[in-house]
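**Student:** Coordinates in protein32.cif, mmCIF, C-alpha atoms, are listed below.
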data_upload
#
loop_
_atom_site.label_atom_id
_atom_site.label_comp_id
_atom_site.auth_asym_id
_atom_site.auth_seq_id
_atom_site.Cartn_x
_atom_site.Cartn_y
_atom_site.Cartn_z
CA MET A 620 19.47 -0.97 15.20
CA ARG A 621 22.52 0.81 16.59
CA ALA A 622 23.66 -2.33 18.41
CA GLU A 623 23.33 -4.39 15.24
CA ILE A 624 25.25 -1.82 13.21
CA GLY A 625 28.07 -2.31 15.71
CA GLU A 626 27.93 -6.09 15.33
CA GLN A 627 28.74 -5.94 11.62
CA PRO A 628 32.54 -6.33 11.82
CA ASP A 629 32.25 -9.64 13.68
CA ALA A 630 29.32 -10.76 11.53
CA LEU A 631 31.38 -10.09 8.42
CA ARG A 632 34.40 -11.95 9.80
CA ARG A 633 32.29 -15.00 10.60
CA THR A 634 30.56 -14.92 7.22
CA ILE A 635 33.73 -14.51 5.18
CA ASP A 636 35.51 -17.27 7.11
CA ALA A 637 32.52 -19.61 6.70
CA LEU A 638 31.92 -18.95 3.01
CA LEU A 639 35.35 -18.70 1.43
CA PRO A 640 35.70 -22.52 1.53
CA ARG A 641 32.47 -22.68 -0.52
CA MET A 642 33.99 -20.95 -3.54
CA SER A 643 34.72 -24.28 -5.21
CA ASP A 644 31.11 -25.42 -4.69
CA VAL A 645 29.92 -22.32 -6.53
CA GLY A 646 32.42 -22.89 -9.32
CA LEU A 647 31.40 -26.52 -9.81
CA LEU A 648 27.69 -25.71 -9.81
CA ALA A 649 28.20 -22.88 -12.29
CA LYS A 650 29.97 -25.06 -14.87
CA GLY A 651 27.97 -24.96 -18.04
CA THR A 652 26.21 -21.72 -17.11
CA GLY A 653 26.91 -18.34 -18.67
CA GLN A 654 24.42 -15.96 -17.10
CA VAL A 655 23.41 -15.10 -13.52
CA LEU A 656 19.82 -14.36 -12.50
CA PHE A 657 19.32 -12.71 -9.11
CA ILE A 658 16.00 -13.25 -7.30
CA ALA A 659 15.27 -10.92 -4.37
CA ARG A 660 13.07 -8.23 -2.80
CA GLY A 661 13.67 -5.21 -0.54
CA SER A 662 17.15 -4.82 0.93
CA SER A 663 18.08 -8.16 -0.61
CA ASP A 664 17.19 -6.69 -4.01
CA ASN A 665 19.63 -3.84 -3.34
CA ALA A 666 22.29 -6.43 -2.47
CA ALA A 667 21.46 -8.12 -5.78
CA VAL A 668 22.15 -4.85 -7.62
CA TYR A 669 25.67 -4.93 -6.16
CA GLY A 670 25.95 -8.59 -7.17
CA ARG A 671 24.92 -7.78 -10.72
CA TYR A 672 27.50 -5.02 -11.15
CA LEU A 673 30.20 -7.13 -9.50
CA VAL A 674 29.55 -10.15 -11.71
CA GLU A 675 29.38 -8.14 -14.90
CA SER A 676 32.36 -5.86 -14.18
CA HIS A 677 34.74 -8.39 -12.61
CA VAL A 678 33.61 -11.81 -13.87
CA GLY A 679 32.45 -10.88 -17.36
CA ARG A 680 29.10 -12.70 -17.17
CA LEU A 681 25.77 -11.16 -18.03
CA ALA A 682 23.72 -10.74 -14.84
CA THR A 683 20.11 -9.65 -14.47
CA LEU A 684 17.48 -9.16 -11.76
CA ALA A 685 14.45 -11.43 -11.94
CA ALA A 686 10.85 -10.23 -12.05
CA PRO A 687 9.24 -12.73 -9.61
CA SER A 688 5.74 -11.99 -10.90
CA ILE A 689 6.63 -13.81 -14.13
CA ALA A 690 6.77 -16.95 -12.00
CA THR A 691 4.19 -16.24 -9.30
CA ALA A 692 1.51 -14.22 -11.11
CA TYR A 693 1.91 -14.92 -14.84
CA HIS A 694 3.11 -18.54 -14.38
CA ARG A 695 5.15 -18.26 -17.56
CA LYS A 696 7.96 -20.76 -18.22
CA ILE A 697 11.20 -19.37 -19.64
CA ASP A 698 14.17 -21.30 -20.94
CA LEU A 699 16.78 -20.86 -18.19
CA ASN A 700 19.20 -23.54 -19.32
CA GLY A 701 22.71 -22.17 -18.85
CA VAL A 702 21.56 -19.80 -16.09
CA LEU A 703 22.75 -19.69 -12.48
CA ALA A 704 19.81 -18.49 -10.37
CA VAL A 705 20.83 -16.82 -7.09
CA ALA A 706 17.97 -16.27 -4.63
CA ILE A 707 18.68 -13.80 -1.82
CA SER A 708 16.55 -13.56 1.32
CA GLN A 709 17.53 -12.55 4.84
CA SER A 710 15.18 -15.03 6.49
CA GLY A 711 14.90 -17.55 3.67
CA LYS A 712 11.18 -17.67 4.44
CA THR A 713 9.68 -15.25 1.92
CA GLU A 714 7.36 -17.51 -0.07
CA GLU A 715 7.62 -15.47 -3.26
CA ILE A 716 11.42 -15.85 -3.34
CA VAL A 717 11.30 -19.58 -2.55
CA GLU A 718 8.63 -20.11 -5.21
CA THR A 719 10.56 -18.10 -7.81
CA MET A 720 13.75 -20.07 -7.18
CA ALA A 721 11.82 -23.34 -7.55
CA TRP A 722 10.36 -21.97 -10.80
CA ALA A 723 13.86 -21.12 -12.03
CA ALA A 724 15.02 -24.66 -11.31
CA ASP A 725 12.02 -26.05 -13.15
CA CYS A 726 12.97 -23.86 -16.10
CA GLY A 727 16.46 -25.40 -16.20
CA ALA A 728 18.54 -23.10 -13.96
CA ARG A 729 21.09 -24.18 -11.38
CA THR A 730 20.26 -22.70 -7.99
CA VAL A 731 22.12 -20.94 -5.17
CA ALA A 732 20.58 -19.54 -1.98
CA VAL A 733 22.04 -16.62 -0.04
CA THR A 734 20.36 -16.34 3.35
CA ASN A 735 20.81 -15.91 7.08
CA GLY A 736 18.21 -18.64 7.69
CA ALA A 737 20.22 -21.84 7.98
CA ARG A 738 17.15 -24.08 8.30
CA SER A 739 14.88 -22.14 5.98
CA PRO A 740 12.79 -23.33 3.03
CA LEU A 741 15.13 -21.44 0.69
CA VAL A 742 18.14 -23.46 1.86
CA GLU A 743 16.22 -26.72 1.50
CA ALA A 744 15.25 -25.87 -2.07
CA ALA A 745 18.70 -24.75 -3.31
CA GLU A 746 21.51 -26.84 -4.74
CA VAL A 747 24.14 -24.73 -2.98
CA ALA A 748 23.44 -22.52 0.05
CA LEU A 749 25.68 -19.64 1.09
CA ILE A 750 24.53 -19.12 4.67
CA THR A 751 25.53 -15.82 6.22
CA GLU A 752 26.62 -15.63 9.84
CA ALA A 753 24.89 -12.43 10.91
CA GLY A 754 23.24 -13.91 13.99
CA ASP A 755 19.76 -12.87 15.10
CA GLU A 756 18.66 -9.48 13.80
CA LEU A 757 15.87 -7.91 15.87
CA ALA A 758 15.51 -4.44 14.36
CA VAL A 759 13.20 -4.39 11.35
CA PRO A 760 15.63 -2.35 9.17
CA ALA A 761 18.27 -4.75 7.88
CA THR A 762 21.85 -3.84 8.71
CA LYS A 763 24.13 -6.80 9.44
CA THR A 764 22.03 -9.18 7.34
CA TYR A 765 22.47 -6.79 4.41
CA THR A 766 26.24 -6.36 4.70
CA THR A 767 26.78 -10.10 5.18
CA GLN A 768 24.75 -10.68 2.01
CA LEU A 769 27.21 -8.42 0.20
CA ALA A 770 30.05 -10.53 1.59
CA ALA A 771 28.32 -13.69 0.37
CA LEU A 772 27.91 -12.18 -3.10
CA SER A 773 31.62 -11.28 -3.09
CA VAL A 774 32.38 -14.96 -2.42
CA LEU A 775 29.95 -15.93 -5.19
CA ALA A 776 31.83 -13.68 -7.62
CA LEU A 777 35.13 -15.19 -6.52
CA GLY A 778 33.72 -18.66 -7.12
CA LEU A 779 32.75 -17.55 -10.61
CA GLY A 780 36.31 -16.44 -11.29
CA ALA A 781 36.31 -12.73 -10.42
CA GLU A 782 39.70 -11.17 -11.08
CA VAL A 783 40.15 -9.46 -7.71
CA ASP A 784 42.46 -9.63 -4.70
CA LEU A 785 41.00 -11.87 -1.99
CA ASP A 786 42.91 -9.96 0.69
CA HIS A 787 40.69 -6.93 0.05
CA LEU A 788 37.66 -8.95 1.13
CA ARG A 789 39.46 -10.24 4.21
CA ARG A 790 40.29 -6.66 5.17
CA ALA A 791 36.70 -5.43 4.91
CA PRO A 792 35.58 -6.29 8.50
CA ASP A 793 38.45 -4.31 10.05
CA GLU A 794 37.66 -1.39 7.78
CA VAL A 795 33.98 -1.47 8.79
CA GLU A 796 35.06 -1.43 12.44
CA ARG A 797 37.24 1.62 11.80
CA LEU A 798 34.52 3.31 9.82
CA ILE A 799 31.94 3.01 12.59
CA ALA A 800 34.31 4.75 15.00
CA VAL A 801 35.37 7.57 12.67
CA THR A 802 31.82 8.25 11.46
CA GLU A 803 30.43 8.60 14.96
CA ALA A 804 33.31 10.91 15.86
CA SER A 805 32.82 13.06 12.75
CA PRO A 806 31.17 16.47 13.28
CA ALA A 807 29.69 16.04 9.83
CA LEU A 808 27.31 13.34 11.13
CA ASP A 809 25.42 15.81 13.33
CA SER A 810 25.43 18.38 10.53
CA VAL A 811 23.96 15.97 8.00
CA VAL A 812 21.34 14.75 10.48
CA GLU A 813 20.29 18.31 11.32
CA GLY A 814 20.08 19.15 7.64
CA LEU A 815 17.88 16.15 6.86
CA ALA A 816 15.67 16.66 9.92
CA GLY A 817 14.09 19.74 8.37
CA VAL A 818 13.32 18.49 4.85
CA PRO A 819 10.48 16.38 3.45
CA GLY A 820 12.62 14.40 1.03
CA ALA A 821 16.00 13.75 -0.53
CA VAL A 822 17.57 12.25 -3.61
CA VAL A 823 20.15 9.50 -3.02
CA SER A 824 22.44 8.79 -5.92
CA GLY A 825 25.41 6.65 -6.90
CA ARG A 826 26.46 4.68 -9.94
CA GLY A 827 28.00 1.35 -10.85
CA LEU A 828 29.08 -0.71 -7.86
CA ALA A 829 27.81 2.05 -5.53
CA PHE A 830 24.32 2.10 -7.06
CA GLY A 831 23.01 -0.64 -4.77
CA THR A 832 24.26 1.38 -1.79
CA ALA A 833 22.30 4.41 -2.97
CA LEU A 834 19.15 2.31 -3.29
CA GLU A 835 19.67 0.75 0.14
CA LEU A 836 20.28 4.09 1.84
CA ALA A 837 17.15 5.53 0.22
CA LEU A 838 15.15 2.53 1.44
CA LYS A 839 16.46 2.97 4.99
CA LEU A 840 15.57 6.66 5.01
CA LYS A 841 12.04 5.78 3.89
CA GLU A 842 11.38 2.92 6.26
CA ALA A 843 13.06 4.22 9.45
CA CYS A 844 12.72 8.03 9.04
CA TYR A 845 9.62 8.28 6.79
CA LEU A 846 11.59 10.55 4.47
CA HIS A 847 10.56 10.68 0.82
CA ALA A 848 13.91 9.45 -0.46
CA MET A 849 14.46 8.64 -4.13
CA GLY A 850 17.31 6.26 -5.00
CA LEU A 851 18.72 6.79 -8.49
CA SER A 852 21.76 6.20 -10.62
CA TYR A 853 23.31 9.61 -11.23
CA ALA A 854 22.93 8.93 -14.96
CA ASP A 855 19.16 8.60 -14.53
CA LEU A 856 19.11 11.56 -12.15
CA LEU A 857 20.59 13.79 -14.83
CA HIS A 858 17.92 12.69 -17.30
CA GLY A 859 15.22 14.67 -15.49
CA PRO A 860 14.71 13.96 -11.78
CA ILE A 861 17.48 16.40 -10.85
CA ALA A 862 14.77 19.03 -11.28
CA VAL A 863 13.45 18.09 -7.82
CA VAL A 864 16.78 18.90 -6.13
CA ASP A 865 16.48 22.31 -4.47
CA GLU A 866 16.97 23.99 -1.09
CA ASP A 867 14.26 21.74 0.39
CA THR A 868 15.40 18.53 -1.33
CA PRO A 869 19.10 17.81 -0.83
CA ALA A 870 21.13 15.20 -2.67
CA ILE A 871 23.00 12.43 -0.86
CA LEU A 872 25.79 11.15 -3.08
CA VAL A 873 27.61 7.86 -2.46
CA ALA A 874 30.83 6.65 -4.07
CA ALA A 875 33.86 4.50 -3.41
CA ASP A 876 37.14 6.36 -2.94
CA GLU A 877 38.25 5.16 -6.38
CA GLY A 878 36.78 3.85 -9.61
CA PRO A 879 35.40 5.05 -12.94
CA THR A 880 32.19 6.56 -11.52
CA LEU A 881 33.87 8.76 -8.89
CA ALA A 882 34.55 11.70 -11.20
CA GLY A 883 30.92 11.83 -12.30
CA THR A 884 29.75 11.78 -8.68
CA VAL A 885 32.06 14.67 -7.78
CA ALA A 886 30.83 16.62 -10.82
CA LEU A 887 27.22 16.02 -9.75
CA ALA A 888 27.97 17.35 -6.27
CA GLY A 889 29.35 20.53 -7.82
CA ARG A 890 26.26 20.92 -9.95
CA VAL A 891 23.97 20.47 -6.94
CA THR A 892 25.77 22.98 -4.72
CA GLY A 893 26.22 25.35 -7.65
CA ALA A 894 22.44 25.46 -7.99
CA GLY A 895 22.06 26.47 -4.34
CA ALA A 896 21.05 23.06 -3.02
CA ARG A 897 22.85 20.96 -0.41
CA ALA A 898 24.90 17.91 -1.30
CA TYR A 899 25.84 15.39 1.38
CA GLY A 900 28.59 12.94 0.52
CA VAL A 901 29.18 9.40 1.73
CA GLY A 902 32.61 8.12 0.76
CA GLY A 903 34.29 9.38 -2.39
CA GLY A 904 37.50 10.51 -0.70
CA GLU A 905 38.68 14.10 -0.50
CA GLY A 906 37.37 14.94 -3.95
CA LEU A 907 33.74 14.31 -3.07
CA ALA A 908 34.12 15.80 0.41
CA GLU A 909 35.42 19.07 -1.05
CA ALA A 910 32.54 19.25 -3.54
CA CYS A 911 29.81 18.61 -0.95
CA THR A 912 28.21 20.71 1.76
CA PHE A 913 29.09 18.05 4.33
CA ALA A 914 30.53 14.57 3.85
CA LEU A 915 30.87 11.36 5.85
CA PRO A 916 33.98 9.20 5.43
CA GLY A 917 33.91 6.06 3.33
CA PRO A 918 35.84 2.81 3.53
CA ARG A 919 39.47 2.61 2.48
CA LEU A 920 38.74 -0.31 0.19
CA PRO A 921 38.96 -0.91 -3.57
CA GLU A 922 35.76 -0.21 -5.48
CA TRP A 923 34.77 -3.87 -5.93
CA VAL A 924 34.47 -4.50 -2.19
CA ALA A 925 33.81 -0.95 -0.97
CA PRO A 926 29.99 -1.43 -0.77
CA LEU A 927 30.50 -3.70 2.26
CA GLY A 928 31.55 -0.59 4.15
CA LEU A 929 29.99 2.20 2.12
CA ILE A 930 26.50 1.63 3.53
CA VAL A 931 27.71 1.83 7.15
CA PRO A 932 27.92 5.66 7.47
CA GLY A 933 24.46 5.75 5.89
CA GLN A 934 23.12 3.30 8.48
CA LEU A 935 24.49 5.46 11.28
CA MET A 936 22.99 8.55 9.64
CA VAL A 937 19.56 6.89 9.42
CA GLU A 938 19.59 5.65 13.01
CA ALA A 939 20.63 9.07 14.33
CA LEU A 940 18.08 10.86 12.14
CA ALA A 941 15.25 8.60 13.32
CA ARG A 942 16.08 9.39 16.95
CA ARG A 943 16.39 13.10 16.10
CA LEU A 944 12.86 12.94 14.66
CA GLY A 945 11.53 11.14 17.73
CA LEU A 946 10.99 7.88 15.86
CA ASP A 947 11.85 4.31 16.89
CA PRO A 948 14.07 2.98 14.08
CA ASP A 949 13.72 -0.59 15.37
CA VAL A 950 9.98 -0.81 14.71
CA PRO A 951 8.93 1.30 11.70
CA ARG A 952 5.21 1.64 11.23
CA GLY A 953 3.50 -0.84 8.95
CA LEU A 954 6.51 -3.15 8.61
CA ASN A 955 7.38 -6.66 9.78
CA LYS A 956 10.73 -8.44 9.81
CA VAL A 957 9.59 -11.02 7.25
CA THR A 958 7.49 -9.58 4.42
CA GLN A 959 5.32 -11.94 2.40
CA THR A 960 4.40 -10.88 -1.14
CA ASP A 961 2.71 -12.76 -3.95
#
Show how you would write the structure in this file as structure tokens.
**Tutor:**
Amino acid sequence: MRAEIGEQPDALRRTIDALLPRMSDVGLLAKGTGQVLFIARGSSDNAAVYGRYLVESHVGRLATLAAPSIATAYHRKIDLNGVLAVAISQSGKTEEIVETMAWAADCGARTVAVTNGARSPLVEAAEVALITEAGDELAVPATKTYTTQLAALSVLALGLGAEVDLDHLRRAPDEVERLIAVTEASPALDSVVEGLAGVPGAVVSGRGLAFGTALELALKLKEACYLHAMGLSYADLLHGPIAVVDEDTPAILVAADEGPTLAGTVALAGRVTGAGARAYGVGGGEGLAEACTFALPGPRLPEWVAPLGLIVPGQLMVEALARRLGLDPDVPRGLNKVTQTD
């Protein structure tokens, strides 16, 4: 897992270089569509959450996450004319995702695949395939396949007409490389790991474009460290679940260094520490760092592309915590690299 975390800068460079020329293919396919439907599971589902917020906030199209059981269990047809269906799968072999994308096409949608499996069933079934260049990923917890999916979804948004600066995306791999080095050199990493090693659970929270990062970090803590981690939007957290945050249940708060949700994240950190609980920050600049018990640095990137780097300190935290707990993060119990669901 640690080796694959370190491979992410090059994997992102290869993926961005390979996919930017496909922007026009996405744009042509999307003509006549007005809504985006993301189809995914697991880490890919967390990538889809980023895709949804990016498309809605920077393209101006309604985007939703599919419920695959409507296709695979209920076998219900829905009118998807005018919909661009985007199926996301690291391997491209998960039968449920392939079947749901085929269902979407049968219901009238245009189809895009985002996958690291160049010769997979998902690629064969899609009209346009955005193939990531992560290389082989051996550890069960997804790292470089996840971040390259985010890069692919950034290209998708650009193809749909996102009003953003392309240079920010091109700069992301260098920023991830810097972030790996500064995170591992940060004394806060050991402090956060030691703090999490002695608790049964944690709440992981972010909002907007950082929400998918919070969900992905919570998933990693569960699958690699067996920590009872709850991923929530901070808006939902404040509606009740914040009651579980106490001296034995810290909050991990993630945010880009800028953007409309940063102030709310900083305020939440102050509320957590003010109640006597610990708050660990990931990103959020000096404001979040000052409000938290300990904080890890985030990427120096605009909010729209920050999630490509924002998960990286969390990945390093998870890998170090697993080793601190005497666990093998590469082979979590009960999990396989390709998960088949119905």
**Student:** Using all atoms listed in the file, which residues of segment 750-856 of chain A come within 8 Å of segment 728-744 of chain A, and what is the closest atom pair for each, with the distance in Å to one decimal? Give it as a tab-separated table, sorted by chain and residue number.
**Tutor:**
residue	atom	partner	partner_atom	distance
A:Ile750	CA	A:Thr734	CA	5.2
A:Thr751	CA	A:Asn735	CA	4.8
A:Glu752	CA	A:Asn735	CA	6.4
A:Ala753	CA	A:Asn735	CA	6.6
A:Gly754	CA	A:Asn735	CA	7.6
A:Thr764	CA	A:Asn735	CA	6.8
A:Gln768	CA	A:Val733	CA	6.8
A:Ala771	CA	A:Val733	CA	6.9
A:Leu772	CA	A:Val733	CA	8.0
**Student:** Just C-alpha atoms for this one: save the residues we selected as a compact mmCIF listing (two decimals), keeping the file's coordinate frame.
**Tutor:**
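Resulting contents of selection-v1.txt:
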# COMPACT_ATOMS: atom_id res chain seq x y z
CA ILE A 750 24.53 -19.12 4.67
CA THR A 751 25.53 -15.82 6.22
CA GLU A 752 26.62 -15.63 9.84
CA ALA A 753 24.89 -12.43 10.91
CA GLY A 754 23.24 -13.91 13.99
CA THR A 764 22.03 -9.18 7.34
CA GLN A 768 24.75 -10.68 2.01
CA ALA A 771 28.32 -13.69 0.37
CA LEU A 772 27.91 -12.18 -3.10
**Student:** Hey, what's within 6 Å of segment 937-950 of chain A if we count all atoms listed in the file and toss same-chain stuff fewer than 4 positions away? As an NGL selection string, please?
**Tutor:** :A and (620 or 758-759 or 812 or 840 or 843-844)
**Student:** So how many Å separate atom CA of Ala724 of chain A and atom CA of Gly711 of chain A, to one decimal?
**Tutor:** 16.6 Å
**Student:** How close does segment 725-805 of chain A get to segment 917-928 of chain A? List, as CSV, each residue of segment 725-805 of chain A within 7 Å, its nearest atom pair and the distance in Å to one decimal, counting only C-alpha atoms.
**Tutor:**
residue,atom,partner,partner_atom,distance
A:Thr766,CA,A:Leu927,CA,5.6
A:Leu769,CA,A:Leu927,CA,6.1
A:Ala770,CA,A:Leu927,CA,6.9
A:His787,CA,A:Leu920,CA,6.9
A:Leu788,CA,A:Val924,CA,6.4
A:Ala791,CA,A:Leu927,CA,7.0
A:Glu794,CA,A:Pro918,CA,6.2
A:Val795,CA,A:Gly928,CA,5.3
A:Leu798,CA,A:Pro918,CA,6.4
**Student:** On this structure, the PyMOL selection byres ((chain A and resi 870-872) around 8) would catch which residues? List them as a count of residues only, sorted by chain and number.
**Tutor:** 20
**Student:** Name the residues captured by the PyMOL selection byres ((chain A and resi 910) around 12) when it is applied to the shown file; answer as a ChimeraX atom specification.
**Tutor:** /A:872,881-893,897-909,911-914
**Student:** Put those residues in a file: C-alpha atoms, as a PDB file, keeping the file's coordinate frame.
**Tutor:**
ATOM      1  CA  LEU A 872      25.790  11.150  -3.080  1.00  0.00           C
ATOM      2  CA  LEU A 881      33.870   8.760  -8.890  1.00  0.00           C
ATOM      3  CA  ALA A 882      34.550  11.700 -11.200  1.00  0.00           C
ATOM      4  CA  GLY A 883      30.920  11.830 -12.300  1.00  0.00           C
ATOM      5  CA  THR A 884      29.750  11.780  -8.680  1.00  0.00           C
ATOM      6  CA  VAL A 885      32.060  14.670  -7.780  1.00  0.00           C
ATOM      7  CA  ALA A 886      30.830  16.620 -10.820  1.00  0.00           C
ATOM      8  CA  LEU A 887      27.220  16.020  -9.750  1.00  0.00           C
ATOM      9  CA  ALA A 888      27.970  17.350  -6.270  1.00  0.00           C
ATOM     10  CA  GLY A 889      29.350  20.530  -7.820  1.00  0.00           C
ATOM     11  CA  ARG A 890      26.260  20.920  -9.950  1.00  0.00           C
ATOM     12  CA  VAL A 891      23.970  20.470  -6.940  1.00  0.00           C
ATOM     13  CA  THR A 892      25.770  22.980  -4.720  1.00  0.00           C
ATOM     14  CA  GLY A 893      26.220  25.350  -7.650  1.00  0.00           C
ATOM     15  CA  ARG A 897      22.850  20.960  -0.410  1.00  0.00           C
ATOM     16  CA  ALA A 898      24.900  17.910  -1.300  1.00  0.00           C
ATOM     17  CA  TYR A 899      25.840  15.390   1.380  1.00  0.00           C
ATOM     18  CA  GLY A 900      28.590  12.940   0.520  1.00  0.00           C
ATOM     19  CA  VAL A 901      29.180   9.400   1.730  1.00  0.00           C
ATOM     20  CA  GLY A 902      32.610   8.120   0.760  1.00  0.00           C
ATOM     21  CA  GLY A 903      34.290   9.380  -2.390  1.00  0.00           C
ATOM     22  CA  GLY A 904      37.500  10.510  -0.700  1.00  0.00           C
ATOM     23  CA  GLU A 905      38.680  14.100  -0.500  1.00  0.00           C
ATOM     24  CA  GLY A 906      37.370  14.940  -3.950  1.00  0.00           C
ATOM     25  CA  LEU A 907      33.740  14.310  -3.070  1.00  0.00           C
ATOM     26  CA  ALA A 908      34.120  15.800   0.410  1.00  0.00           C
ATOM     27  CA  GLU A 909      35.420  19.070  -1.050  1.00  0.00           C
ATOM     28  CA  CYS A 911      29.810  18.610  -0.950  1.00  0.00           C
ATOM     29  CA  THR A 912      28.210  20.710   1.760  1.00  0.00           C
ATOM     30  CA  PHE A 913      29.090  18.050   4.330  1.00  0.00           C
ATOM     31  CA  ALA A 914      30.530  14.570   3.850  1.00  0.00           C
TER      32      ALA A 914
END
**Student:** With distances taken over all atoms listed in the file, which residue among A:Leu915, A:Val645, A:Val674, A:Ala862 lies nearest Ala894 of chain A?
**Tutor:**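 Closest to Ala894 of chain A of all the choices is A:Ala862.
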